[in-house]
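Participant: Sharing start07.csv below, CSV, C-alpha atoms:
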chain,number,residue,atom,x,y,z
A,27,MET,CA,78.9,79.7,80.6
A,28,SER,CA,79.7,78.7,84.2
A,29,ILE,CA,78.1,81.1,86.6
A,30,GLU,CA,75.2,83.4,86.0
A,31,LEU,CA,73.4,85.8,88.4
A,32,LYS,CA,69.9,86.9,87.3
A,33,ASN,CA,68.4,89.9,89.1
A,34,VAL,CA,70.1,88.9,92.4
A,35,THR,CA,69.3,90.9,95.5
A,36,PHE,CA,70.4,90.1,99.0
A,37,THR,CA,69.1,91.9,102.1
A,38,TYR,CA,70.6,91.5,105.5
A,39,SER,CA,68.1,91.5,108.5
A,40,GLN,CA,65.1,91.7,106.1
A,41,GLY,CA,62.0,93.1,107.7
A,42,THR,CA,63.8,94.5,110.7
A,43,ALA,CA,65.0,97.9,111.7
A,44,TYR,CA,68.5,96.8,110.7
A,45,GLU,CA,67.5,95.9,107.1
A,46,SER,CA,70.2,96.7,104.6
A,47,HIS,CA,70.6,95.9,100.9
A,48,ALA,CA,74.0,94.3,100.3
A,49,LEU,CA,73.2,93.5,96.7
A,50,LYS,CA,70.7,95.2,94.4
A,51,ASP,CA,69.5,93.5,91.2
A,52,ILE,CA,72.8,92.1,90.1
A,53,ASN,CA,73.0,90.6,86.5
A,54,LEU,CA,76.3,88.9,85.8
A,55,VAL,CA,77.7,86.2,83.5
A,56,ILE,CA,81.1,84.6,84.2
A,57,PRO,CA,82.2,82.3,81.4
A,58,ASP,CA,84.8,79.5,81.7
A,59,GLY,CA,88.5,80.4,81.9
A,60,GLN,CA,88.4,84.1,82.6
A,61,PHE,CA,90.7,85.9,85.2
A,62,ILE,CA,88.4,88.4,86.8
A,63,GLY,CA,89.0,91.1,89.4
A,64,VAL,CA,86.4,92.4,91.9
A,65,ILE,CA,87.0,95.7,93.7
A,66,GLY,CA,84.9,98.0,96.0
A,67,HIS,CA,85.2,99.9,99.2
A,68,THR,CA,84.4,98.2,102.5
A,69,GLY,CA,80.6,97.6,102.6
A,70,SER,CA,80.3,97.7,98.8
A,71,GLY,CA,78.9,94.2,98.5
A,72,LYS,CA,81.9,92.5,96.9
A,73,SER,CA,82.3,89.8,99.6
A,74,THR,CA,78.6,89.1,99.6
A,75,LEU,CA,78.7,88.8,95.9
A,76,ILE,CA,81.4,86.2,95.8
A,77,GLN,CA,79.7,84.1,98.5
A,78,HIS,CA,76.7,83.7,96.1
A,79,PHE,CA,78.9,82.1,93.5
A,80,ASN,CA,79.2,78.8,95.5
A,81,ALA,CA,75.9,79.0,97.4
A,82,LEU,CA,77.3,80.0,100.7
A,83,ILE,CA,74.6,82.7,100.7
A,84,GLN,CA,71.1,82.3,99.3
A,85,PRO,CA,69.8,85.4,97.5
A,86,THR,CA,66.8,87.2,98.9
A,87,SER,CA,65.5,87.3,95.3
A,88,GLY,CA,66.8,86.3,91.9
A,89,GLN,CA,68.6,83.3,90.7
A,90,VAL,CA,72.2,81.9,90.8
A,91,LEU,CA,72.8,79.4,88.0
A,92,TYR,CA,75.8,77.1,87.6
A,93,ASN,CA,76.1,75.6,84.1
A,94,GLY,CA,72.4,76.5,83.6
A,95,GLU,CA,71.1,75.0,86.8
A,96,ASP,CA,69.6,76.9,89.7
A,97,VAL,CA,71.9,76.2,92.6
A,98,TRP,CA,69.0,76.8,95.1
A,99,ALA,CA,66.6,74.4,93.4
A,100,GLU,CA,65.3,71.6,95.4
A,101,ASN,CA,67.6,68.5,95.4
A,102,TYR,CA,70.5,70.5,93.9
A,103,ASP,CA,73.8,69.1,95.1
A,104,ARG,CA,75.5,72.2,96.7
A,105,ARG,CA,78.2,70.2,98.2
A,106,ALA,CA,79.3,69.1,94.8
A,107,LEU,CA,79.1,72.7,93.6
A,108,ARG,CA,81.5,73.8,96.3
A,109,SER,CA,84.0,71.2,95.1
A,110,GLU,CA,83.9,72.8,91.7
A,111,VAL,CA,83.7,76.5,92.8
A,112,GLY,CA,86.3,76.9,95.5
A,113,LEU,CA,86.5,79.9,97.8
A,114,VAL,CA,89.6,80.9,99.7
A,115,PHE,CA,88.8,83.3,102.5
A,116,GLN,CA,90.8,86.4,103.4
A,117,TYR,CA,91.9,85.0,106.7
A,118,PRO,CA,93.5,81.5,106.2
A,119,GLU,CA,92.9,80.7,109.9
A,120,HIS,CA,89.2,80.3,109.0
A,121,GLN,CA,90.1,77.3,106.8
A,122,LEU,CA,93.0,75.6,108.6
A,123,PHE,CA,92.3,73.1,111.4
A,124,GLU,CA,94.2,69.9,111.0
A,125,ASN,CA,97.4,68.9,112.9
A,126,THR,CA,99.7,69.0,109.8
A,127,VAL,CA,99.8,70.9,106.6
A,128,LEU,CA,99.4,67.8,104.5
A,129,ALA,CA,96.5,66.5,106.5
A,130,ASP,CA,94.8,69.9,106.2
A,131,VAL,CA,95.1,69.9,102.4
A,132,CYS,CA,94.0,66.2,102.2
A,133,PHE,CA,90.7,67.0,103.9
A,134,GLY,CA,88.9,68.3,100.8
A,135,PRO,CA,89.9,65.5,98.4
A,136,MET,CA,89.1,62.8,101.0
A,137,ASN,CA,85.6,64.4,101.5
A,138,GLN,CA,85.2,64.0,97.7
A,139,GLY,CA,85.7,60.3,98.2
A,140,LEU,CA,89.3,59.8,97.3
A,141,SER,CA,91.4,57.3,99.2
A,142,LYS,CA,94.1,58.5,101.6
A,143,GLU,CA,96.8,57.8,99.0
A,144,GLN,CA,94.9,59.6,96.2
A,145,ALA,CA,94.2,62.5,98.5
A,146,GLU,CA,97.8,62.8,99.5
A,147,GLU,CA,98.9,62.8,95.8
A,148,GLU,CA,96.5,65.6,95.0
A,149,ALA,CA,97.5,67.5,98.2
A,150,LYS,CA,101.2,67.3,97.4
A,151,LYS,CA,100.7,68.5,93.9
A,152,ALA,CA,98.6,71.4,95.1
A,153,LEU,CA,101.2,72.4,97.8
A,154,VAL,CA,104.0,72.3,95.2
A,155,HIS,CA,101.9,74.5,92.8
A,156,VAL,CA,101.5,77.2,95.5
A,157,GLY,CA,105.2,77.1,96.5
A,158,VAL,CA,105.0,75.2,99.9
A,159,LYS,CA,108.2,73.3,100.5
A,160,GLU,CA,108.1,69.6,101.3
A,161,GLU,CA,109.9,70.2,104.6
A,162,ASN,CA,106.7,72.1,105.8
A,163,PHE,CA,104.2,69.2,104.9
A,164,THR,CA,104.5,67.7,108.4
A,165,LYS,CA,104.4,71.0,110.4
A,166,SER,CA,101.3,72.4,112.0
A,167,PRO,CA,99.8,75.0,109.7
A,168,PHE,CA,99.7,77.3,112.7
A,169,GLU,CA,103.5,77.3,113.0
A,170,LEU,CA,103.8,78.9,109.5
A,171,SER,CA,104.1,82.5,108.6
A,172,GLY,CA,101.0,84.5,107.3
A,173,GLY,CA,102.1,84.1,103.7
A,174,GLN,CA,102.7,80.3,104.1
A,175,LYS,CA,99.3,79.9,105.8
A,176,LYS,CA,97.7,81.6,102.8
A,177,ARG,CA,99.4,79.2,100.4
A,178,VAL,CA,98.2,76.2,102.4
A,179,ALA,CA,94.6,77.6,102.4
A,180,ILE,CA,94.8,78.0,98.6
A,181,ALA,CA,96.3,74.5,98.2
A,182,GLY,CA,93.4,73.1,100.3
A,183,VAL,CA,91.0,74.3,97.7
A,184,LEU,CA,93.2,73.5,94.7
A,185,ALA,CA,93.6,69.9,95.8
A,186,MET,CA,89.9,69.4,95.0
A,187,ASN,CA,90.6,70.4,91.4
A,188,PRO,CA,88.0,73.2,91.2
A,189,LYS,CA,86.9,74.6,87.9
A,190,ILE,CA,86.6,78.1,89.5
A,191,LEU,CA,88.9,79.5,92.2
A,192,ILE,CA,87.7,82.5,94.2
A,193,LEU,CA,90.3,84.4,96.3
A,194,ASP,CA,89.2,87.0,98.8
A,195,GLU,CA,92.2,89.4,99.4
A,196,PRO,CA,94.8,86.6,99.1
A,197,THR,CA,97.7,89.0,99.5
A,198,ALA,CA,96.4,91.1,102.5
A,199,GLY,CA,99.1,91.7,105.1
A,200,LEU,CA,101.9,90.3,102.9
A,201,ASP,CA,105.1,92.1,102.0
A,202,PRO,CA,105.6,93.1,98.3
A,203,GLN,CA,107.7,90.0,97.5
A,204,GLY,CA,105.2,87.6,99.1
A,205,ARG,CA,102.4,89.3,97.3
A,206,ASP,CA,104.1,89.0,93.9
A,207,ASP,CA,105.0,85.4,94.6
A,208,ILE,CA,101.5,84.3,95.4
A,209,LEU,CA,99.9,86.2,92.5
A,210,ASP,CA,102.5,84.9,90.0
A,211,GLN,CA,101.7,81.4,91.1
A,212,ILE,CA,97.9,82.0,90.8
A,213,ALA,CA,98.5,83.4,87.3
A,214,ALA,CA,100.5,80.3,86.5
A,215,LEU,CA,97.7,78.1,87.7
A,216,HIS,CA,95.3,80.0,85.5
A,217,GLU,CA,97.5,79.3,82.5
A,218,MET,CA,98.3,75.6,83.4
A,219,ARG,CA,94.9,74.4,84.5
A,220,GLY,CA,92.7,76.8,82.5
A,221,ILE,CA,90.5,77.4,85.5
A,222,THR,CA,88.5,80.5,86.1
A,223,ILE,CA,90.0,82.9,88.7
A,224,ILE,CA,88.0,85.5,90.6
A,225,LEU,CA,90.3,87.8,92.6
A,226,VAL,CA,89.0,90.2,95.2
A,227,SER,CA,91.7,92.7,95.9
A,228,HIS,CA,92.3,96.2,97.3
A,229,SER,CA,95.5,96.6,95.3
A,230,MET,CA,94.8,98.4,92.0
A,231,GLU,CA,98.3,97.5,90.8
A,232,ASP,CA,97.7,93.8,91.3
A,233,ILE,CA,94.3,94.1,89.5
A,234,ALA,CA,95.9,96.0,86.6
A,235,LYS,CA,98.7,93.5,86.2
A,236,TYR,CA,96.8,90.2,86.4
A,237,VAL,CA,93.1,90.4,85.5
A,238,GLU,CA,91.5,90.6,82.1
A,239,ARG,CA,88.1,91.7,83.3
A,240,LEU,CA,87.2,94.0,86.2
A,241,ILE,CA,84.0,94.3,88.2
A,242,VAL,CA,83.5,97.3,90.4
A,243,MET,CA,80.9,97.2,93.3
A,244,ASN,CA,79.5,100.2,95.0
A,245,HIS,CA,76.7,100.3,97.6
A,246,GLY,CA,75.5,96.8,96.5
A,247,GLU,CA,75.4,97.7,92.8
A,248,MET,CA,77.7,96.7,89.9
A,249,VAL,CA,78.8,100.0,88.5
A,250,PHE,CA,81.5,98.8,86.1
A,251,ASP,CA,82.2,95.5,84.3
A,252,ASP,CA,84.9,96.0,81.7
A,253,THR,CA,88.6,95.6,81.0
A,254,PRO,CA,90.9,97.2,83.6
A,255,LYS,CA,92.1,99.7,81.1
A,256,ASN,CA,88.6,101.0,80.4
A,257,VAL,CA,87.5,100.9,84.1
A,258,PHE,CA,90.6,102.8,85.3
A,259,SER,CA,90.0,105.5,82.6
A,260,HIS,CA,87.1,106.5,84.9
A,261,TYR,CA,89.5,107.1,87.8
A,262,LYS,CA,87.7,110.3,88.9
A,263,GLU,CA,84.5,108.4,89.3
A,264,LEU,CA,86.4,105.6,91.2
A,265,GLU,CA,87.7,108.3,93.6
A,266,GLU,CA,84.2,109.4,94.3
A,267,MET,CA,83.5,105.8,95.4
A,268,GLY,CA,86.4,105.7,97.8
A,269,LEU,CA,88.6,103.8,95.3
A,270,ALA,CA,91.6,104.8,93.1
A,271,ALA,CA,93.3,103.8,89.9
A,272,PRO,CA,96.9,102.4,89.8
A,273,GLN,CA,99.6,105.0,90.5
A,274,ILE,CA,100.7,104.6,86.9
A,275,THR,CA,97.4,105.9,85.7
A,276,TYR,CA,97.9,109.2,87.6
A,277,ILE,CA,101.5,109.5,86.3
A,278,MET,CA,100.5,108.9,82.7
A,279,HIS,CA,97.7,111.5,82.9
A,280,ALA,CA,100.1,114.0,84.4
A,281,LEU,CA,102.6,113.4,81.6
A,282,SER,CA,100.0,113.7,78.9
A,283,GLU,CA,98.6,116.9,80.4
A,284,ASN,CA,102.2,118.3,80.4
A,285,GLY,CA,102.6,117.8,76.7
A,286,LEU,CA,104.2,114.3,76.4
A,287,ASP,CA,102.5,112.2,73.7
A,288,VAL,CA,101.9,109.1,75.9
A,289,ASP,CA,98.9,106.8,76.2
A,290,PRO,CA,97.2,107.9,79.4
A,291,THR,CA,95.3,104.6,79.6
A,292,ALA,CA,98.4,102.7,80.4
A,293,THR,CA,97.8,100.8,83.7
A,294,THR,CA,101.0,98.7,84.2
A,295,VAL,CA,104.7,99.6,84.5
A,296,GLU,CA,105.4,97.7,81.3
A,297,GLU,CA,102.7,99.5,79.3
A,298,ALA,CA,103.9,102.9,80.7
A,299,LYS,CA,107.5,102.1,79.8
A,300,GLU,CA,106.6,101.3,76.2
A,301,THR,CA,104.5,104.4,75.6
A,302,ILE,CA,107.0,106.7,77.4
A,303,LEU,CA,109.9,105.4,75.3
A,304,ALA,CA,107.8,105.7,72.1
A,305,ALA,CA,106.9,109.3,73.0
A,306,LEU,CA,110.6,110.2,73.7
A,307,LYS,CA,111.7,108.7,70.4
A,308,LYS,CA,109.2,110.9,68.6
A,309,GLN,CA,110.6,113.9,70.4
A,310,LYS,CA,114.3,113.0,69.9
A,311,PRO,CA,114.8,114.7,66.5
A,312,SER,CA,113.6,118.0,67.8
A,313,LEU,CA,115.6,117.6,71.0
A,314,LEU,CA,118.7,116.9,69.0
A,315,LYS,CA,118.1,119.9,66.7
A,316,LYS,CA,117.6,122.2,69.7
A,317,GLY,CA,120.8,120.9,71.3
A,318,GLY,CA,122.7,121.4,68.0
A,319,SER,CA,121.6,125.0,67.5
A,320,GLU,CA,122.5,126.0,71.0
A,321,ALA,CA,126.0,124.5,70.4
Can you present the structure in this file as structure tokens?
Facilitator:
Amino acid sequence: MSIELKNVTFTYSQGTAYESHALKDINLVIPDGQFIGVIGHTGSGKSTLIQHFNALIQPTSGQVLYNGEDVWAENYDRRALRSEVGLVFQYPEHQLFENTVLADVCFGPMNQGLSKEQAEEEAKKALVHVGVKEENFTKSPFELSGGQKKRVAIAGVLAMNPKILILDEPTAGLDPQGRDDILDQIAALHEMRGITIILVSHSMEDIAKYVERLIVMNHGEMVFDDTPKNVFSHYKELEEMGLAAPQITYIMHALSENGLDVDPTATTVEEAKETILAALKKQKPSLLKKGGSEA
């Protein structure tokens, strides 16, 4: 097991008139190698939650453990933790600061003690993995498009070879093609490197397509922790929280309610296609018979 939260509570402005509970008694275990989604409305606590994973925020109460060790214990090496648990923020500008793309991605590996040559080797591998072309390596990261900046920010964390990669809204503001490209590359990295991926996203379609486990936050509490299929079956409860299920979920429920024998828990286009075709094949004999009698 990699990350464990035990009774974690976090309170902003504790003891003041502005006191608010961002997290309330969270218990959570994240084993190695999972692809996990985190969703919740604005102010639900999801960003606060993920910042506990690599000790950017200290809990007001409770424990955060990494491989069984309390990350807030005295003498714990939190700098080493952040090399293993990498966080990519929603806005890449918060992480980009060097004169060139390559220098920016080299920064992390060099801080880990790698030589300039070794750091460049890791940086180039990471940039290629996220789809940044070599012709962009010598450009300023601030000359790039929003999508390319996001790729560089992800590469900057990947170059440190983390065991866990946390991505906060990595596709926000991108067009559909750019969104699919980045998420496909993240999924490929998950397969190639076997690293744990934690994806915070507002896109239910992305969550349904890529993750194997889904955590839902609401008012600082973890209300669901299950497979996407099981979580999205509670779509009416999600709506009450200001969320929604993938559009496919609503289509499948409508088809089922109108008499087509489909699986209403389908959450992706591929799953919907399979169950709709199967339902139509079942109905085909009766349709043919009806058509023949009318002839």
Participant: May I ask which of the residues A:Val257, A:Ile208, A:Leu49, A:Ala185 is the closest one to Gly172 in chain A, counting all atoms listed in the file?
Facilitator: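 Among the listed residues, A:Ile208 lies closest to Gly172 in chain A.
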Participant: Can you list every residue of range 177-267 of chain A that has an atom at most 6 Å from range 117-135 of chain A, with its nearest atom pair and the distance in Å to one decimal, using all atoms listed in the file, ordered by chain then number, as CSV?
Facilitator:
residue,atom,partner,partner_atom,distance
A:Ala179,CA,A:Pro118,CA,5.6
A:Gly182,CA,A:Val131,CA,4.2
A:Met186,CA,A:Pro135,CA,5.2
Participant: Provide the CA of Ile76 in chain A to CA of Ile192 in chain A distance in Å, to one decimal place.
Facilitator: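 A separation of 7.5 Å between them.
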Participant: Point out the residue among A:Glu30, A:Val178, A:Leu170, A:Ala48 with the least atom-to-atom distance to Lys151 in chain A, counting only C-alpha atoms.
Facilitator: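 Closest to Lys151 in chain A of all the choices is A:Val178.
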Participant: Please compute the CA of Tyr236 in chain A-CA of Leu269 in chain A distance, one decimal, in Å.
Facilitator: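 CA of Leu269 in chain A lies 18.2 Å from CA of Tyr236 in chain A.
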Participant: Considering all atoms listed in the file, give me a table of residues in range 173-261 of chain A that are at most 12 Å from range 291-309 of chain A, with the closest atom pair and distance in Å for each, as CSV.
Facilitator:
residue,atom,partner,partner_atom,distance
A:Met230,CA,A:Thr293,CA,9.1
A:Glu231,CA,A:Thr294,CA,7.2
A:Asp232,CA,A:Thr294,CA,9.2
A:Ile233,CA,A:Thr293,CA,9.5
A:Ala234,CA,A:Thr293,CA,5.9
A:Lys235,CA,A:Thr294,CA,6.0
A:Tyr236,CA,A:Thr294,CA,9.7
A:Val237,CA,A:Thr294,CA,11.5
A:Thr253,CA,A:Thr293,CA,10.9
A:Pro254,CA,A:Thr293,CA,7.8
A:Lys255,CA,A:Thr291,CA,6.0
A:Asn256,CA,A:Thr291,CA,7.6
A:Val257,CA,A:Thr291,CA,9.7
A:Phe258,CA,A:Thr291,CA,7.6
A:Ser259,CA,A:Thr291,CA,6.2
A:His260,CA,A:Thr291,CA,9.9
A:Tyr261,CA,A:Thr291,CA,10.4
Participant: Given all atoms listed in the file as the basis, pick out the residue of A:Gly139, A:Pro196, A:Gly94, A:Gly246 nearest to Leu113 in chain A.
Facilitator: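 For Leu113 in chain A, the nearest of the candidates is A:Pro196.
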Participant: Which residues, written as a PDB file with C-alpha atoms, keeping the file's coordinate frame, have at least one atom at most 12 Å from Ile62 in chain A, with only C-alpha atoms counted and residues fewer than 2 positions away on the same chain left out?
Facilitator:
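Dumped everything to around20.pdb:
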ATOM      1  CA  VAL A  55      77.700  86.200  83.500  1.00  0.00           C
ATOM      2  CA  ILE A  56      81.100  84.600  84.200  1.00  0.00           C
ATOM      3  CA  PRO A  57      82.200  82.300  81.400  1.00  0.00           C
ATOM      4  CA  ASP A  58      84.800  79.500  81.700  1.00  0.00           C
ATOM      5  CA  GLY A  59      88.500  80.400  81.900  1.00  0.00           C
ATOM      6  CA  GLN A  60      88.400  84.100  82.600  1.00  0.00           C
ATOM      7  CA  VAL A  64      86.400  92.400  91.900  1.00  0.00           C
ATOM      8  CA  ILE A  65      87.000  95.700  93.700  1.00  0.00           C
ATOM      9  CA  ILE A  76      81.400  86.200  95.800  1.00  0.00           C
ATOM     10  CA  ILE A 190      86.600  78.100  89.500  1.00  0.00           C
ATOM     11  CA  LEU A 191      88.900  79.500  92.200  1.00  0.00           C
ATOM     12  CA  ILE A 192      87.700  82.500  94.200  1.00  0.00           C
ATOM     13  CA  LEU A 193      90.300  84.400  96.300  1.00  0.00           C
ATOM     14  CA  ALA A 213      98.500  83.400  87.300  1.00  0.00           C
ATOM     15  CA  HIS A 216      95.300  80.000  85.500  1.00  0.00           C
ATOM     16  CA  ILE A 221      90.500  77.400  85.500  1.00  0.00           C
ATOM     17  CA  THR A 222      88.500  80.500  86.100  1.00  0.00           C
ATOM     18  CA  ILE A 223      90.000  82.900  88.700  1.00  0.00           C
ATOM     19  CA  ILE A 224      88.000  85.500  90.600  1.00  0.00           C
ATOM     20  CA  LEU A 225      90.300  87.800  92.600  1.00  0.00           C
ATOM     21  CA  VAL A 226      89.000  90.200  95.200  1.00  0.00           C
ATOM     22  CA  SER A 227      91.700  92.700  95.900  1.00  0.00           C
ATOM     23  CA  ASP A 232      97.700  93.800  91.300  1.00  0.00           C
ATOM     24  CA  ILE A 233      94.300  94.100  89.500  1.00  0.00           C
ATOM     25  CA  ALA A 234      95.900  96.000  86.600  1.00  0.00           C
ATOM     26  CA  LYS A 235      98.700  93.500  86.200  1.00  0.00           C
ATOM     27  CA  TYR A 236      96.800  90.200  86.400  1.00  0.00           C
ATOM     28  CA  VAL A 237      93.100  90.400  85.500  1.00  0.00           C
ATOM     29  CA  GLU A 238      91.500  90.600  82.100  1.00  0.00           C
ATOM     30  CA  ARG A 239      88.100  91.700  83.300  1.00  0.00           C
ATOM     31  CA  LEU A 240      87.200  94.000  86.200  1.00  0.00           C
ATOM     32  CA  ILE A 241      84.000  94.300  88.200  1.00  0.00           C
ATOM     33  CA  VAL A 242      83.500  97.300  90.400  1.00  0.00           C
ATOM     34  CA  ASP A 251      82.200  95.500  84.300  1.00  0.00           C
ATOM     35  CA  ASP A 252      84.900  96.000  81.700  1.00  0.00           C
ATOM     36  CA  THR A 253      88.600  95.600  81.000  1.00  0.00           C
ATOM     37  CA  PRO A 254      90.900  97.200  83.600  1.00  0.00           C
TER      38      PRO A 254
END
Participant: Take CA of Ser171 in chain A and CA of Ala149 in chain A and report the distance between them in Å, one decimal.
Facilitator: 19.4 Å
Participant: Applying 10 Å and all atoms listed in the file, which residues near Pro290 in chain A remain after dropping the ones on its own chain fewer than 5 positions away? List them as a PyMOL selection string.
Facilitator: chain A and resi 255+259+274-283+298+301
Participant: So which one's closest to Thr37 in chain A, A:Gly66, A:Thr86, A:Glu146, A:Leu107? Using only C-alpha atoms, please.
Facilitator: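 Nearest candidate to Thr37 in chain A out of A:Gly66, A:Thr86, A:Glu146, A:Leu107: A:Thr86.
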Participant: So that I can see what lies close to Leu153 in chain A, please list as a CSV table (one decimal) with C-alpha atoms, in the coordinates of the input the residues with an atom at most 8 Å from it, counting all atoms listed in the file and leaving out residues fewer than 5 positions away in the same chain.
Facilitator:
chain,number,residue,atom,x,y,z
A,158,VAL,CA,105.0,75.2,99.9
A,159,LYS,CA,108.2,73.3,100.5
A,177,ARG,CA,99.4,79.2,100.4
A,178,VAL,CA,98.2,76.2,102.4
A,181,ALA,CA,96.3,74.5,98.2
Participant: Which residues, written as a list in words, have at least one atom at most 12 Å from Gly204 in chain A, with only C-alpha atoms counted and residues fewer than 3 positions away on the same chain left out?
Facilitator: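 Here the answer would be Val156, Gly157, Ser171, Gly172, Gly173, Gln174, Lys175, Lys176, Arg177, Pro196, Thr197, Ala198, Gly199, Leu200, Asp201, Asp207, Ile208, Leu209, Asp210 and Gln211 of chain A.
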Participant: Choose the residue, out of A:Ala43, A:Met218, A:Ala99, A:Met243, that has the smallest atom-to-atom separation from Thr74 in chain A; count only C-alpha atoms.
Facilitator: A:Met243
Participant: Return the single residue from A:Asn187, A:Tyr38, A:Ile212, A:Ile52 that is closest to Ile83 in chain A, with distances computed using all atoms listed in the file.
Facilitator: A:Tyr38
Participant: Using only C-alpha atoms, which protein or nucleic acid residues come within 9 Å of Lys50 in chain A? Drop anything in the same chain fewer than 6 positions from it, and give the result as number ranges by chain.
Facilitator: A: 33-37, 245-248
Participant: Restricting it to C-alpha atoms, dump the selection as an mmCIF file, keeping the file's coordinate frame.
Facilitator:
data_model
loop_
_atom_site.group_PDB
_atom_site.id
_atom_site.type_symbol
_atom_site.label_atom_id
_atom_site.label_comp_id
_atom_site.auth_asym_id
_atom_site.auth_seq_id
_atom_site.Cartn_x
_atom_site.Cartn_y
_atom_site.Cartn_z
ATOM 1 C CA ASN A 33 68.400 89.900 89.100
ATOM 2 C CA VAL A 34 70.100 88.900 92.400
ATOM 3 C CA THR A 35 69.300 90.900 95.500
ATOM 4 C CA PHE A 36 70.400 90.100 99.000
ATOM 5 C CA THR A 37 69.100 91.900 102.100
ATOM 6 C CA HIS A 245 76.700 100.300 97.600
ATOM 7 C CA GLY A 246 75.500 96.800 96.500
ATOM 8 C CA GLU A 247 75.400 97.700 92.800
ATOM 9 C CA MET A 248 77.700 96.700 89.900
#
Participant: Render range 182-187 of chain A from the structure in the preceding block as a file of all heavy atoms, as a JSON list (two decimals), in the first residue's frame.
Facilitator:
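Saved to selection03.json:
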[["chain", "number", "residue", "atom", "x", "y", "z"],
["A", 182, "GLY", "N", 7.70, 17.67, -16.58],
["A", 182, "GLY", "CA", 8.56, 18.10, -15.49],
["A", 182, "GLY", "C", 8.44, 17.22, -14.27],
["A", 182, "GLY", "O", 9.42, 17.01, -13.54],
["A", 183, "VAL", "N", 7.25, 16.69, -14.02],
["A", 183, "VAL", "CA", 7.05, 15.76, -12.90],
["A", 183, "VAL", "C", 7.49, 14.35, -13.30],
["A", 183, "VAL", "O", 8.16, 13.66, -12.54],
["A", 183, "VAL", "CB", 5.58, 15.78, -12.45],
["A", 183, "VAL", "CG1", 5.33, 14.72, -11.38],
["A", 183, "VAL", "CG2", 5.21, 17.16, -11.91],
["A", 184, "LEU", "N", 7.14, 13.93, -14.51],
["A", 184, "LEU", "CA", 7.50, 12.58, -14.97],
["A", 184, "LEU", "C", 9.01, 12.36, -15.01],
["A", 184, "LEU", "O", 9.49, 11.26, -14.78],
["A", 184, "LEU", "CB", 6.94, 12.33, -16.37],
["A", 184, "LEU", "CG", 5.47, 11.95, -16.48],
["A", 184, "LEU", "CD1", 5.11, 11.77, -17.94],
["A", 184, "LEU", "CD2", 5.17, 10.69, -15.69],
["A", 185, "ALA", "N", 9.76, 13.42, -15.32],
["A", 185, "ALA", "CA", 11.22, 13.29, -15.43],
["A", 185, "ALA", "C", 11.86, 12.88, -14.11],
["A", 185, "ALA", "O", 12.99, 12.38, -14.09],
["A", 185, "ALA", "CB", 11.82, 14.61, -15.92],
["A", 186, "MET", "N", 11.14, 13.07, -13.00],
["A", 186, "MET", "CA", 11.65, 12.66, -11.70],
["A", 186, "MET", "C", 11.29, 11.21, -11.39],
["A", 186, "MET", "O", 11.57, 10.71, -10.30],
["A", 186, "MET", "CB", 11.11, 13.59, -10.61],
["A", 186, "MET", "CG", 11.62, 15.02, -10.74],
["A", 186, "MET", "SD", 11.16, 16.06, -9.34],
["A", 186, "MET", "CE", 9.43, 16.31, -9.67],
["A", 187, "ASN", "N", 10.64, 10.54, -12.37],
["A", 187, "ASN", "CA", 10.25, 9.13, -12.23],
["A", 187, "ASN", "C", 9.44, 8.86, -10.95],
["A", 187, "ASN", "O", 9.82, 8.02, -10.13],
["A", 187, "ASN", "CB", 11.49, 8.24, -12.29],
["A", 187, "ASN", "CG", 12.09, 8.19, -13.66],
["A", 187, "ASN", "OD1", 11.44, 7.78, -14.63],
["A", 187, "ASN", "ND2", 13.33, 8.64, -13.78]]
